[in-house]
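Enquirer: Sharing query_35.cif, mmCIF, C-alpha atoms:
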```cif
data_model
#
loop_
_atom_site.label_atom_id
_atom_site.label_comp_id
_atom_site.auth_asym_id
_atom_site.auth_seq_id
_atom_site.Cartn_x
_atom_site.Cartn_y
_atom_site.Cartn_z
CA MET A 1 2.72 -26.33 105.63
CA THR A 2 4.07 -25.54 109.09
CA GLU A 3 7.27 -27.00 110.50
CA ILE A 4 6.90 -27.62 114.24
CA TYR A 5 9.83 -28.29 116.57
CA LEU A 6 8.64 -29.77 119.86
CA ILE A 7 11.20 -29.55 122.67
CA ARG A 8 11.21 -30.82 126.23
CA HIS A 9 12.53 -28.44 128.91
CA ALA A 10 16.05 -28.73 130.36
CA GLU A 11 16.76 -30.63 133.57
CA SER A 12 14.87 -29.14 136.50
CA PHE A 13 15.48 -29.64 140.19
CA GLY A 14 12.46 -31.93 140.19
CA ASN A 15 14.23 -34.22 137.72
CA LEU A 16 17.44 -34.06 139.76
CA THR A 17 16.05 -34.45 143.29
CA ARG A 18 13.44 -37.01 142.17
CA ARG A 19 10.37 -34.99 143.10
CA ALA A 20 7.13 -34.93 141.11
CA TYR A 21 6.75 -31.66 139.21
CA GLY A 22 3.57 -31.04 137.30
CA TRP A 23 2.44 -27.45 137.67
CA TYR A 24 4.95 -26.95 140.48
CA ASP A 25 7.20 -24.16 139.18
CA GLY A 26 10.72 -25.46 139.89
CA LEU A 27 13.99 -24.05 138.59
CA VAL A 28 16.45 -25.39 136.01
CA THR A 29 19.61 -27.02 137.40
CA PRO A 30 23.21 -26.08 136.49
CA LYS A 31 23.34 -29.17 134.26
CA GLY A 32 20.09 -27.98 132.71
CA TYR A 33 21.74 -24.69 131.73
CA GLU A 34 24.54 -26.68 130.09
CA GLN A 35 21.86 -28.51 128.11
CA ILE A 36 20.34 -25.17 127.11
CA LYS A 37 23.71 -24.04 125.72
CA CYS A 38 23.87 -27.22 123.63
CA LEU A 39 20.32 -26.58 122.41
CA GLU A 40 21.25 -23.02 121.46
CA LYS A 41 24.15 -24.32 119.38
CA ARG A 42 21.89 -26.85 117.69
CA PHE A 43 19.42 -24.17 116.57
CA ALA A 44 22.04 -21.58 115.57
CA ASP A 45 21.52 -22.28 111.85
CA VAL A 46 17.92 -23.48 111.99
CA ALA A 47 15.27 -21.08 110.71
CA VAL A 48 12.56 -20.42 113.32
CA ASP A 49 9.88 -17.76 112.92
CA ALA A 50 8.10 -17.99 116.29
CA VAL A 51 8.75 -19.56 119.69
CA TYR A 52 6.03 -20.74 122.07
CA SER A 53 6.41 -22.13 125.57
CA SER A 54 4.51 -23.34 128.57
CA ASP A 55 4.32 -20.52 131.10
CA LEU A 56 6.42 -22.35 133.72
CA VAL A 57 9.98 -21.24 134.51
CA ARG A 58 11.72 -24.42 133.35
CA THR A 59 10.23 -24.17 129.86
CA CYS A 60 10.63 -20.41 129.51
CA ASP A 61 14.31 -20.65 130.46
CA THR A 62 14.80 -23.46 127.94
CA ALA A 63 13.04 -21.52 125.19
CA ALA A 64 15.60 -18.72 125.65
CA ALA A 65 18.07 -20.93 123.76
CA ILE A 66 16.07 -20.23 120.60
CA TYR A 67 14.09 -17.03 120.83
CA LYS A 68 16.91 -14.84 122.14
CA GLN A 69 19.40 -15.72 119.42
CA LYS A 70 16.70 -15.24 116.78
CA GLY A 71 15.63 -11.86 118.14
CA LEU A 72 12.07 -13.11 118.71
CA MET A 73 9.54 -12.58 121.47
CA LEU A 74 8.60 -15.57 123.60
CA ILE A 75 4.91 -16.40 123.39
CA LYS A 76 3.76 -18.05 126.64
CA GLU A 77 0.97 -20.56 126.16
CA PRO A 78 -0.40 -22.18 129.36
CA ALA A 79 -2.03 -24.91 127.27
CA PHE A 80 1.43 -26.46 126.88
CA ARG A 81 1.92 -26.88 130.64
CA GLU A 82 2.80 -30.23 132.14
CA ILE A 83 0.00 -32.47 133.36
CA GLY A 84 -1.38 -31.20 136.66
CA ILE A 85 -0.73 -33.92 139.24
CA GLY A 86 -2.77 -32.53 142.13
CA ALA A 87 -1.93 -34.24 145.42
CA TRP A 88 1.37 -35.50 144.01
CA GLU A 89 2.82 -32.05 143.33
CA ASN A 90 6.41 -31.79 144.65
CA MET A 91 6.14 -35.14 146.46
CA PRO A 92 9.22 -37.40 146.43
CA TRP A 93 8.75 -40.03 143.74
CA GLY A 94 9.85 -42.63 146.26
CA GLU A 95 6.85 -41.84 148.47
CA ILE A 96 4.16 -42.05 145.80
CA PRO A 97 3.93 -45.85 145.19
CA SER A 98 3.12 -46.61 148.84
CA ARG A 99 0.71 -43.71 149.33
CA TYR A 100 -1.03 -43.96 145.96
CA PRO A 101 -0.48 -47.55 144.72
CA GLU A 102 -3.39 -47.68 142.28
CA GLU A 103 -2.76 -44.26 140.80
CA TYR A 104 0.97 -45.00 140.49
CA GLU A 105 0.24 -48.25 138.69
CA HIS A 106 -1.93 -46.31 136.25
CA TRP A 107 0.74 -43.62 135.81
CA THR A 108 3.32 -46.29 135.00
CA ASN A 109 1.38 -48.86 132.97
CA ALA A 110 -2.10 -47.52 132.11
CA PRO A 111 -1.81 -43.74 131.70
CA LEU A 112 -5.29 -43.24 130.26
CA ALA A 113 -6.71 -44.47 133.58
CA PHE A 114 -4.54 -42.07 135.60
CA ASN A 115 -6.62 -39.77 137.80
CA VAL A 116 -5.16 -38.42 141.03
CA GLU A 117 -7.03 -36.12 143.39
CA GLY A 118 -6.82 -32.51 142.21
CA GLY A 119 -4.99 -33.43 138.99
CA GLU A 120 -5.74 -33.83 135.30
CA THR A 121 -6.29 -36.89 133.16
CA TYR A 122 -4.21 -37.66 130.09
CA ALA A 123 -7.24 -36.99 127.89
CA GLN A 124 -7.74 -33.52 129.42
CA VAL A 125 -4.10 -32.59 128.91
CA TYR A 126 -4.08 -33.87 125.35
CA MET A 127 -7.19 -31.91 124.48
CA ARG A 128 -5.88 -28.60 125.81
CA ALA A 129 -2.45 -29.03 124.20
CA LYS A 130 -3.76 -30.32 120.87
CA THR A 131 -6.36 -27.55 120.59
CA ALA A 132 -3.60 -24.95 121.05
CA LEU A 133 -1.31 -26.77 118.61
CA ASP A 134 -3.98 -26.88 115.89
CA ARG A 135 -4.61 -23.16 116.26
CA ILE A 136 -0.91 -22.21 116.28
CA ALA A 137 -0.11 -24.44 113.31
CA ALA A 138 -2.88 -22.79 111.27
CA GLU A 139 -1.74 -19.30 112.28
CA ASN A 140 1.83 -20.04 111.15
CA ASP A 141 1.23 -21.66 107.77
CA GLY A 142 4.39 -21.46 105.69
CA LYS A 143 6.59 -20.87 108.75
CA ALA A 144 8.75 -22.82 111.19
CA ILE A 145 7.92 -22.66 114.90
CA ALA A 146 9.34 -24.07 118.12
CA ILE A 147 7.25 -25.15 121.10
CA VAL A 148 8.85 -25.91 124.48
CA SER A 149 6.79 -28.11 126.75
CA HIS A 150 7.05 -31.01 129.23
CA GLY A 151 7.65 -34.75 129.29
CA ALA A 152 4.16 -36.13 129.83
CA THR A 153 2.43 -33.45 127.75
CA LEU A 154 4.75 -34.00 124.79
CA ARG A 155 4.49 -37.78 125.12
CA MET A 156 0.72 -37.78 124.71
CA LEU A 157 0.65 -34.88 122.24
CA MET A 158 3.11 -36.47 119.80
CA HIS A 159 1.40 -39.84 120.14
CA GLY A 160 -2.06 -38.55 119.34
CA MET A 161 -1.29 -35.97 116.67
CA VAL A 162 -0.23 -38.62 114.13
CA ARG A 163 -2.90 -41.15 115.15
CA GLY A 164 -6.03 -39.12 114.68
CA ASP A 165 -6.27 -38.26 118.39
CA ASP A 166 -6.16 -41.95 119.37
CA LEU A 167 -4.27 -42.31 122.69
CA SER A 168 -5.16 -45.95 123.32
CA ASP A 169 -1.59 -47.26 123.22
CA VAL A 170 0.28 -44.20 124.53
CA ALA A 171 1.81 -46.39 127.27
CA ASP A 172 4.00 -47.94 124.58
CA ASP A 173 5.67 -44.61 123.77
CA ASP A 174 9.05 -43.69 125.25
CA TRP A 175 9.67 -40.60 127.37
CA GLY A 176 11.94 -38.00 125.82
CA ASP A 177 15.11 -36.79 127.56
CA ASN A 178 15.54 -33.22 128.76
CA THR A 179 15.91 -30.81 125.78
CA CYS A 180 15.19 -33.59 123.26
CA VAL A 181 13.92 -32.24 119.94
CA SER A 182 11.17 -33.59 117.66
CA LEU A 183 10.13 -32.27 114.26
CA PHE A 184 6.66 -32.56 112.74
CA ARG A 185 5.08 -31.04 109.65
CA ALA A 186 1.47 -29.87 109.65
CA GLU A 187 -0.56 -29.46 106.47
CA ASN A 188 -4.34 -29.08 106.23
CA GLY A 189 -4.72 -30.35 109.80
CA VAL A 190 -2.63 -33.49 109.20
CA TYR A 191 0.61 -34.03 111.12
CA THR A 192 3.59 -35.98 109.82
CA GLU A 193 6.54 -37.04 111.98
CA VAL A 194 10.02 -36.21 110.63
CA PHE A 195 12.01 -37.27 113.69
CA LYS A 196 11.26 -37.70 117.36
CA ASN A 197 13.02 -37.29 120.75
CA ASP A 198 16.46 -36.60 119.30
CA ASN A 199 19.06 -35.56 121.88
CA SER A 200 22.22 -35.77 119.75
CA HIS A 201 23.11 -32.16 120.65
CA LEU A 202 23.89 -33.36 124.21
CA SER A 203 26.41 -36.02 123.19
CA GLU A 204 29.45 -33.83 123.95
CA MET A 205 28.39 -33.02 127.51
CA PRO A 206 30.70 -34.57 130.15
CA GLY A 207 29.08 -37.62 131.75
CA TYR A 208 26.15 -37.48 129.37
CA ALA A 209 25.81 -41.22 128.79
CA GLU A 210 26.02 -42.04 132.50
CA ASN A 211 23.51 -39.35 133.38
CA MET A 212 21.01 -40.59 130.81
CA ARG A 213 21.38 -44.12 132.16
CA TRP A 214 20.52 -42.89 135.64
CA VAL A 215 17.55 -40.86 134.39
CA ARG A 216 16.09 -43.93 132.68
CA GLU A 217 16.85 -46.39 135.47
CA GLY A 218 16.46 -43.98 138.39
CA VAL A 219 13.04 -45.28 139.45
CA GLY A 220 14.89 -47.85 141.55
CA THR A 221 16.81 -45.16 143.40
CA ASN A 222 13.95 -42.93 144.48
CA ALA A 223 14.06 -41.96 148.16
CA TRP A 224 11.39 -40.89 150.61
CA PHE A 225 11.57 -39.23 154.01
CA GLU A 226 10.57 -39.76 157.61
CA LEU A 227 10.57 -36.78 159.95
CA ALA A 228 12.50 -37.18 163.20
CA GLN A 229 10.69 -37.18 166.53
CA LEU A 230 11.99 -36.81 170.05
CA PRO A 231 12.60 -38.70 172.23
CA ARG A 232 12.11 -41.61 169.83
CA ASP A 233 14.99 -40.71 167.53
CA LYS A 234 17.44 -39.20 170.00
CA GLU A 235 20.02 -42.00 169.71
CA LYS A 236 19.79 -42.08 165.93
CA ILE A 237 20.37 -38.33 165.65
CA ARG A 238 23.37 -38.63 167.97
CA ALA A 239 24.80 -41.43 165.84
CA TYR A 240 24.52 -39.44 162.60
CA HIS A 241 26.21 -36.40 164.16
CA ARG A 242 28.98 -38.63 165.50
CA GLU A 243 29.59 -40.33 162.15
CA ALA A 244 29.54 -37.03 160.26
CA TRP A 245 32.11 -35.50 162.62
CA LEU A 246 34.40 -38.53 162.48
CA ASP A 247 34.14 -38.62 158.68
CA ILE A 248 35.39 -35.04 158.41
CA PHE A 249 37.69 -34.50 161.37
CA GLY A 250 38.48 -37.96 162.70
CA ASP A 251 38.67 -36.83 166.32
CA GLU A 252 36.41 -36.50 169.35
CA PRO A 253 32.86 -35.61 168.22
CA PRO A 254 30.59 -33.09 170.00
CA ALA A 255 29.10 -34.17 173.32
CA ASP A 256 25.74 -35.93 173.14
CA ARG A 257 24.13 -33.26 175.32
CA ALA A 258 25.04 -30.58 172.76
CA VAL A 259 23.55 -32.65 169.94
CA ASP A 260 20.41 -33.30 172.02
CA ALA A 261 19.97 -29.60 172.76
CA LYS A 262 20.34 -28.65 169.12
CA ALA A 263 17.90 -31.33 167.95
CA LYS A 264 15.32 -30.16 170.48
CA ARG A 265 15.77 -26.54 169.41
CA VAL A 266 15.55 -27.02 165.65
CA LEU A 267 12.59 -29.40 165.86
CA SER A 268 10.70 -26.99 168.10
CA ARG A 269 11.13 -24.31 165.45
CA ASN A 270 10.39 -26.53 162.47
CA PRO A 271 9.13 -30.14 162.68
CA ALA A 272 10.60 -30.84 159.21
CA SER A 273 14.11 -29.70 160.16
CA ILE A 274 15.46 -33.22 160.75
CA ALA A 275 14.55 -35.99 158.35
CA PHE A 276 15.80 -39.48 157.62
CA GLY A 277 16.05 -40.59 153.99
CA LEU A 278 14.87 -44.08 153.10
CA CYS A 279 14.87 -46.30 150.03
CA THR A 280 13.88 -49.86 149.27
CA GLU A 281 17.24 -51.06 150.69
CA GLY A 282 16.85 -49.27 154.02
CA GLU A 283 17.76 -45.96 155.65
CA ILE A 284 20.21 -43.91 153.59
CA GLY A 285 21.08 -41.00 155.87
CA MET A 286 19.91 -37.82 157.56
CA ILE A 287 19.56 -34.14 156.77
CA GLU A 288 19.22 -31.38 159.36
CA THR A 289 18.34 -27.71 158.81
CA ASP A 290 18.51 -24.84 161.26
CA ASP A 291 16.07 -21.93 161.04
CA ASP A 292 18.08 -19.91 163.57
CA ILE A 293 21.11 -19.58 161.30
CA THR A 294 21.06 -16.85 158.65
CA LEU A 295 24.33 -16.60 156.77
CA TYR A 296 22.82 -14.82 153.77
CA PRO A 297 19.59 -12.84 153.21
CA SER A 298 16.61 -15.09 152.44
CA ALA A 299 18.65 -18.28 152.84
CA GLY A 300 17.63 -21.37 154.78
CA HIS A 301 20.54 -23.22 156.34
CA ILE A 302 21.58 -26.87 156.09
CA SER A 303 23.48 -27.74 159.25
CA LEU A 304 24.16 -31.42 158.54
CA VAL A 305 23.97 -33.87 155.66
CA TYR A 306 25.13 -37.42 156.27
CA LEU A 307 24.83 -40.23 153.76
CA LYS A 308 25.78 -43.75 154.80
CA PRO A 309 28.87 -44.99 152.90
CA GLU A 310 27.00 -47.79 151.11
CA PHE A 311 24.59 -45.26 149.56
CA ARG A 312 27.16 -42.74 148.32
CA ARG A 313 27.67 -42.03 144.59
CA ARG A 314 24.18 -43.34 143.91
CA ARG A 315 22.29 -40.00 143.57
CA TYR A 316 20.83 -40.17 147.07
CA GLY A 317 22.72 -37.19 148.50
CA ILE A 318 21.01 -34.72 146.17
CA GLN A 319 17.65 -36.16 147.21
CA LEU A 320 18.46 -35.27 150.82
CA ILE A 321 19.20 -31.75 149.60
CA GLY A 322 15.84 -31.84 147.81
CA HIS A 323 14.09 -32.30 151.15
CA ALA A 324 15.74 -29.12 152.45
CA MET A 325 14.87 -27.25 149.24
CA ASN A 326 11.23 -28.17 149.63
CA ASN A 327 11.25 -27.30 153.33
CA TYR A 328 12.60 -23.81 152.72
CA LYS A 329 10.78 -22.99 149.47
CA GLU A 330 7.54 -23.46 151.39
CA LYS A 331 8.82 -20.80 153.79
CA GLY A 332 9.57 -18.38 150.95
CA LYS A 333 13.36 -18.73 151.04
CA LYS A 334 15.34 -18.04 147.86
CA HIS A 335 18.58 -19.83 148.73
CA LEU A 336 20.07 -22.69 150.71
CA SER A 337 23.29 -22.12 152.65
CA VAL A 338 25.76 -24.68 153.94
CA ARG A 339 29.12 -24.55 155.71
CA VAL A 340 31.83 -26.87 154.41
CA ALA A 341 35.14 -27.41 156.24
CA GLU A 342 38.04 -26.38 154.02
CA LYS A 343 39.62 -29.79 154.48
CA ASN A 344 36.42 -31.57 153.36
CA THR A 345 37.16 -31.39 149.64
CA ALA A 346 34.79 -34.26 148.79
CA ALA A 347 31.83 -32.35 150.27
CA TYR A 348 32.91 -29.14 148.54
CA GLU A 349 32.97 -30.88 145.16
CA PHE A 350 29.62 -32.54 145.87
CA TYR A 351 27.89 -29.23 146.58
CA LYS A 352 29.61 -27.51 143.67
CA LYS A 353 28.48 -30.27 141.29
CA TYR A 354 24.85 -29.59 142.12
CA GLY A 355 24.95 -25.81 141.82
CA PHE A 356 26.17 -24.49 145.16
CA TYR A 357 28.65 -21.64 144.84
CA GLU A 358 31.10 -20.12 147.31
CA VAL A 359 30.17 -16.77 148.87
CA PHE A 360 32.76 -16.36 151.62
CA ARG A 361 35.05 -18.14 154.07
CA GLU A 362 35.06 -17.87 157.83
CA THR A 363 36.56 -19.37 160.97
CA GLU A 364 34.25 -20.95 163.53
CA ASP A 365 35.61 -22.67 166.65
CA LYS A 366 39.08 -22.54 165.05
CA ILE A 367 37.83 -24.43 161.96
CA ARG A 368 38.15 -22.76 158.55
CA GLN A 369 34.88 -23.14 156.67
CA ILE A 370 33.51 -22.28 153.25
CA VAL A 371 30.00 -20.86 153.09
CA MET A 372 28.17 -21.94 149.91
CA LEU A 373 24.77 -21.04 148.48
CA LEU A 374 22.27 -22.69 146.17
CA ASP A 375 19.55 -20.66 144.46
CA ILE A 376 16.18 -22.35 144.94
#
```
With the file now loaded, output its structure as structure tokens.
Expert:
Amino acid sequence: MTEIYLIRHAESFGNLTRRAYGWYDGLVTPKGYEQIKCLEKRFADVAVDAVYSSDLVRTCDTAAAIYKQKGLMLIKEPAFREIGIGAWENMPWGEIPSRYPEEYEHWTNAPLAFNVEGGETYAQVYMRAKTALDRIAAENDGKAIAIVSHGATLRMLMHGMVRGDDLSDVADDDWGDNTCVSLFRAENGVYTEVFKNDNSHLSEMPGYAENMRWVREGVGTNAWFELAQLPRDKEKIRAYHREAWLDIFGDEPPADRAVDAKAKRVLSRNPASIAFGLCTEGEIGMIETDDDITLYPSAGHISLVYLKPEFRRRRYGIQLIGHAMNNYKEKGKKHLSVRVAEKNTAAYEFYKKYGFYEVFRETEDKIRQIVMLLDI
């Protein structure tokens, strides 16, 4: 008999910024590393003889919670990767339903029919993961092993392994939370479920219950983006700069001609540098990046983030940041930088919450500012 712990990876920036990660190799968030610490504590007294993982960063980093404390080597197994989602890779979840309505309907309600251009089907993913699982279970007879994989892959794998490879009603199965743990026993090719999708080790994390509620209900808060164009959006860009300045300083904002000149400059360098966020309720705000500003080696710079008051504290701000992350990762950047006025404590706490850290302080135009970085 082989005991098999199946574990979903910790929260990634795809989970946080509501972007579709299949084979896209995104990083774990600061909250994800808190989850990994909880997972490490959970497995402190659990016997594990071998640890396997998908070869993507978010699973390998999660697996460290187990293999490092046990003094084991991590065995990377690409067969446990997430489903490849082809044309959807790294796309905002809010954009997918309108661009791919049929495929999204299948993804949501009829997963066995899911088939997006350049991606994999559920049956293909199940076959590759199950074939690897059968082999690994046989090789580890009499031992306990841990396998770290991904949400969709684990959903179909755990469904089929106790139903004789029948995936016909996999749509009825729940998705497991980040770092949830399941235990199965394998004997003579037969799998028995002991428990499934248990996340009790996360219960002591601050804000855990609220965060899980948002993860489960977040489909209604997915944003998408529209790139700014001049001269069409000149007045809108001016308005966002004006509101952002008044929010922070409460006095006379920069002249429109200065805002116009900057918008023209940054868009000429990078057409994705100014984008408006949208959701089903309307336009949520704007993000602006500036390729001409380098405050730190290999860092892309965010020069403005403005979220309309009615959309604040609803997880939209981090999705604006996600647009900038995607913009600069495609350019090979390793960090995002942002300047925050010392007096803007709300913005400082917002950035800190999502993993930005302070690197230095400076004075620009007589304003004391904090320069913060996010590793991407």
Enquirer: Name the residues captured by the PyMOL selection byres ((chain A and resi 1) around 6) when it is applied to the shown file; answer as a ChimeraX atom specification.
Expert: /A:2,141-142,186-187
Enquirer: Taking the file above as input, evaluate the PyMOL selection byres ((chain A and resi 150) around 8) and report the hits as an NGL selection string.
Expert: :A and (7-9 or 59 or 80-82 or 148-149 or 151-154)
Enquirer: Specify as a list in words each residue included when the PyMOL selection byres ((chain A and resi 86) around 7) is applied to this file.
Expert: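 Evaluating the PyMOL selection byres ((chain A and resi 86) around 7) on these coordinates yields Gly84, Ile85, Ala87, Trp88, Glu89, Val116, Glu117, Gly118 and Gly119 of chain A.
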Enquirer: By how many Å are atom CA of A:Asn115 and atom CA of A:Val28 apart?
Expert: 27.2 Å
Enquirer: Interatomic distance between atom CA of A:Pro206 and atom CA of A:Arg315?
Expert: 16.7 Å
Enquirer: Compare A:Thr280, A:Thr17, A:Asn222, A:Thr108 by their minimum atom-to-atom distance to A:Asp172, counting only C-alpha atoms, and give me the closest one.
Expert: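 Among the listed residues, A:Thr108 lies closest to A:Asp172.
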Enquirer: Taking a cut-off of 12 Å and counting all atoms listed in the file, can you build a table that, for each residue of stretch 5-47 of chain A near stretch 347-352 of chain A, reports the nearest atom pair and how far apart they are in Å (one decimal), sorted by chain then residue number, as CSV?
Expert:
```
residue,atom,partner,partner_atom,distance
A:Thr29,CA,A:Lys352,CA,11.8
A:Pro30,CA,A:Lys352,CA,9.7
A:Lys31,CA,A:Lys352,CA,11.4
```
Enquirer: Need to verify the contact set: stretch 364-367 of chain A, 8 Å, only C-alpha atoms, exclusion of same-chain residues closer than 2 positions in sequence. Can you return it as a VMD selection string?
Expert: chain A and resid 341 362 369
Enquirer: I'd like the contact shell of A:Ile293 - 10 Å cut-off, all atoms listed in the file, skipping same-chain residues fewer than 4 positions apart - returned as a compact mmCIF listing (two decimals) with C-alpha atoms, keeping the file's coordinate frame.
Expert:
```txt
# COMPACT_ATOMS: atom_id res chain seq x y z
CA THR A 289 18.34 -27.71 158.81
CA ALA A 299 18.65 -18.28 152.84
CA GLY A 300 17.63 -21.37 154.78
CA HIS A 301 20.54 -23.22 156.34
CA ILE A 302 21.58 -26.87 156.09
CA SER A 303 23.48 -27.74 159.25
CA SER A 337 23.29 -22.12 152.65
```
Enquirer: Return the single residue from A:Ala79, A:Ala228, A:Leu39, A:Ala137 that is closest to A:Ala10, with distances computed using only C-alpha atoms.
Expert: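 Closest to A:Ala10, using only C-alpha atoms: A:Leu39.
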Enquirer: Would you mind reading off the distance between atom CA of A:Leu336 and atom CA of A:Lys308, one decimal, in Å?
Expert: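 Between atom CA of A:Leu336 and atom CA of A:Lys308 the gap is 22.2 Å.
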Enquirer: Give as a VMD selection string every residue, naming chains and numbers as the document does, that has an atom within 10 Å of (19.3, -39.4, 145.4), counting all atoms listed in the file.
Expert: chain A and resid 16 to 18 218 221 to 224 277 279 284 311 to 322
Enquirer: Would you mind telling me which residue in A:Ala132, A:Leu373, A:Tyr306, A:Trp93 lies nearest to A:Val338 when using only C-alpha atoms?
Expert: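 Among the listed residues, A:Leu373 lies closest to A:Val338.
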Enquirer: Counting all atoms listed in the file, figure out which residue out of A:Val125, A:Cys38, A:Ala275, A:Ile370 gets nearest to A:Asn344.
Expert: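 Among the listed residues, A:Ile370 lies closest to A:Asn344.
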Enquirer: Could you tell me which of A:Leu307, A:Ile248, A:Tyr52, A:Lys70 comes closest to A:Glu342 if we count only C-alpha atoms?
Expert: A:Ile248
